[in-house]
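> Encoded as structure tokens, here's the structure I'll be asking about.
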Amino acid sequence: MNKREIFSKDYITIEELGHLLGLSYQMSARKMRDIKKKYDSLKVRGKLAVSDYKKFLKEQKNDKRN
């Protein structure tokens with residue numbers, strides 16, 4: 001699954017997050033939990049709303065600028 005296919009959906013699974021970030025399943029699950037601590041509009045275990053992931057990326061980008 002490529003980025004376009006992943007981002008065309010409403011949510012990202014742990015496996016897809018791992019594919020995007022080049023992480024193992026366990027590291028992807030940990031990363032998803034970290035993101036969901038702050039952004040979790042979906043409230044579904046093992047899935048992250050694409051909009052929440054984009055908010056996280058935007059925050060990360062802003063943090064790197066400062």
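For the structure tokens, the naming scheme is as follows: chains receive sequential letters (A, B, ...) according to their order of presentation, residues are indexed from 1 within each chain, and ligands are indexed from 1 in presentation order.
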Applying 8 Å and only C-alpha atoms, which residues near segment 4-7 of chain A remain after dropping the ones on its own chain fewer than 3 positions away? List them as a PDB file with all heavy atoms, in the first residue's frame.


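The new file selection-v8.pdb reads:
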```pdb
ATOM      1  N   MET A   1       0.856  -1.183   0.000  1.00  0.00           N
ATOM      2  CA  MET A   1       0.000   0.000   0.000  1.00  0.00           C
ATOM      3  C   MET A   1       0.899   1.241   0.000  1.00  0.00           C
ATOM      4  O   MET A   1       1.827   1.339   0.785  1.00  0.00           O
ATOM      5  CB  MET A   1      -0.899  -0.023   1.236  1.00  0.00           C
ATOM      6  CG  MET A   1      -1.915   1.080   1.249  1.00  0.00           C
ATOM      7  SD  MET A   1      -3.162   0.918   2.535  1.00  0.00           S
ATOM      8  CE  MET A   1      -4.379  -0.027   1.648  1.00  0.00           C
ATOM      9  N   ASP A  10     -10.087   7.130   5.739  1.00  0.00           N
ATOM     10  CA  ASP A  10     -10.399   7.968   6.902  1.00  0.00           C
ATOM     11  C   ASP A  10      -9.487   7.690   8.085  1.00  0.00           C
ATOM     12  O   ASP A  10      -9.391   8.496   9.002  1.00  0.00           O
ATOM     13  CB  ASP A  10     -11.849   7.753   7.345  1.00  0.00           C
ATOM     14  CG  ASP A  10     -12.855   8.249   6.326  1.00  0.00           C
ATOM     15  OD1 ASP A  10     -12.538   9.230   5.617  1.00  0.00           O
ATOM     16  OD2 ASP A  10     -13.943   7.669   6.238  1.00  0.00           O
ATOM     17  N   TYR A  11      -8.853   6.525   8.083  1.00  0.00           N
ATOM     18  CA  TYR A  11      -8.022   6.141   9.224  1.00  0.00           C
ATOM     19  C   TYR A  11      -6.780   5.391   8.771  1.00  0.00           C
ATOM     20  O   TYR A  11      -6.706   4.896   7.645  1.00  0.00           O
ATOM     21  CB  TYR A  11      -8.813   5.282  10.208  1.00  0.00           C
ATOM     22  CG  TYR A  11      -9.291   3.977   9.608  1.00  0.00           C
ATOM     23  CD1 TYR A  11      -8.485   2.858   9.594  1.00  0.00           C
ATOM     24  CD2 TYR A  11     -10.549   3.883   9.038  1.00  0.00           C
ATOM     25  CE1 TYR A  11      -8.908   1.674   9.023  1.00  0.00           C
ATOM     26  CE2 TYR A  11     -10.996   2.702   8.483  1.00  0.00           C
ATOM     27  CZ  TYR A  11     -10.157   1.598   8.482  1.00  0.00           C
ATOM     28  OH  TYR A  11     -10.584   0.424   7.915  1.00  0.00           O
ATOM     29  N   ILE A  12      -5.807   5.313   9.680  1.00  0.00           N
ATOM     30  CA  ILE A  12      -4.554   4.604   9.446  1.00  0.00           C
ATOM     31  C   ILE A  12      -4.463   3.493  10.487  1.00  0.00           C
ATOM     32  O   ILE A  12      -4.692   3.734  11.670  1.00  0.00           O
ATOM     33  CB  ILE A  12      -3.345   5.557   9.620  1.00  0.00           C
ATOM     34  CG1 ILE A  12      -3.411   6.709   8.619  1.00  0.00           C
ATOM     35  CG2 ILE A  12      -2.031   4.808   9.491  1.00  0.00           C
ATOM     36  CD1 ILE A  12      -2.382   7.801   8.889  1.00  0.00           C
ATOM     37  N   GLU A  16      -0.154   0.200   8.675  1.00  0.00           N
ATOM     38  CA  GLU A  16       0.050   1.277   7.708  1.00  0.00           C
ATOM     39  C   GLU A  16       0.968   2.356   8.265  1.00  0.00           C
ATOM     40  O   GLU A  16       1.811   2.897   7.540  1.00  0.00           O
ATOM     41  CB  GLU A  16      -1.292   1.871   7.287  1.00  0.00           C
ATOM     42  CG  GLU A  16      -2.120   0.904   6.467  1.00  0.00           C
ATOM     43  CD  GLU A  16      -3.571   1.304   6.337  1.00  0.00           C
ATOM     44  OE1 GLU A  16      -4.071   2.134   7.124  1.00  0.00           O
ATOM     45  OE2 GLU A  16      -4.225   0.750   5.433  1.00  0.00           O
ATOM     46  N   VAL A  50      -6.835   9.893   9.895  1.00  0.00           N
ATOM     47  CA  VAL A  50      -5.860  10.556   9.028  1.00  0.00           C
ATOM     48  C   VAL A  50      -5.745  12.031   9.412  1.00  0.00           C
ATOM     49  O   VAL A  50      -4.648  12.576   9.453  1.00  0.00           O
ATOM     50  CB  VAL A  50      -6.234  10.388   7.541  1.00  0.00           C
ATOM     51  CG1 VAL A  50      -5.390  11.273   6.650  1.00  0.00           C
ATOM     52  CG2 VAL A  50      -6.096   8.927   7.121  1.00  0.00           C
TER      53      VAL A  50
END
```

> Among chain A, which residues carry a DSSP assignment of strand (DSSP E or B), reported as a count of residues only?

6

> Leaving out Tyr39 of chain A and any residue of its chain fewer than 2 positions from it, which residues lie within 6 Å of it when counting only C-alpha atoms, given as a compact mmCIF listing (two decimals) with C-alpha atoms, in the first residue's frame?


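Once written, selection-v1.txt looks like this:
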```txt
# COMPACT_ATOMS: atom_id res chain seq x y z
CA ILE A 35 0.01 10.28 18.92
CA LYS A 36 -3.38 9.23 20.30
CA ASP A 52 -5.28 13.42 13.57
```

> Ranking A:His19, A:Lys9, A:Lys3, A:Arg65 by minimum distance to Leu48 of chain A and counting only C-alpha atoms, which one comes first?

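When distances to Leu48 of chain A are compared using only C-alpha atoms, the smallest one comes from A:Lys9.
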
> Nearest to Ala49 of chain A: which of A:Asn2, A:Glu15, A:Gly22, A:Met32 is it, counting only C-alpha atoms?

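Residue with the minimum atom-to-atom distance to Ala49 of chain A: A:Met32.
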
> Could you pull the residues within 10 Å of Lys31 of chain A, counting only C-alpha atoms, minus those fewer than 6 positions along the same chain, as a list in words?

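The residues that qualify are Ile14, Leu17, Gly18, Leu21, Leu23 and Tyr25 of chain A.
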
> For atom CA of Arg33 of chain A and atom CA of Ser8 of chain A, quote the distance in Å rounded to one decimal.

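Between these atoms lies a distance of 21.8 Å.
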
> Report as a PyMOL selection string: the residues of chain A with a DSSP assignment of alpha helix (DSSP H), based on the backbone of this structure.

chain A and resi 3-7+14-21+25-38+50-65
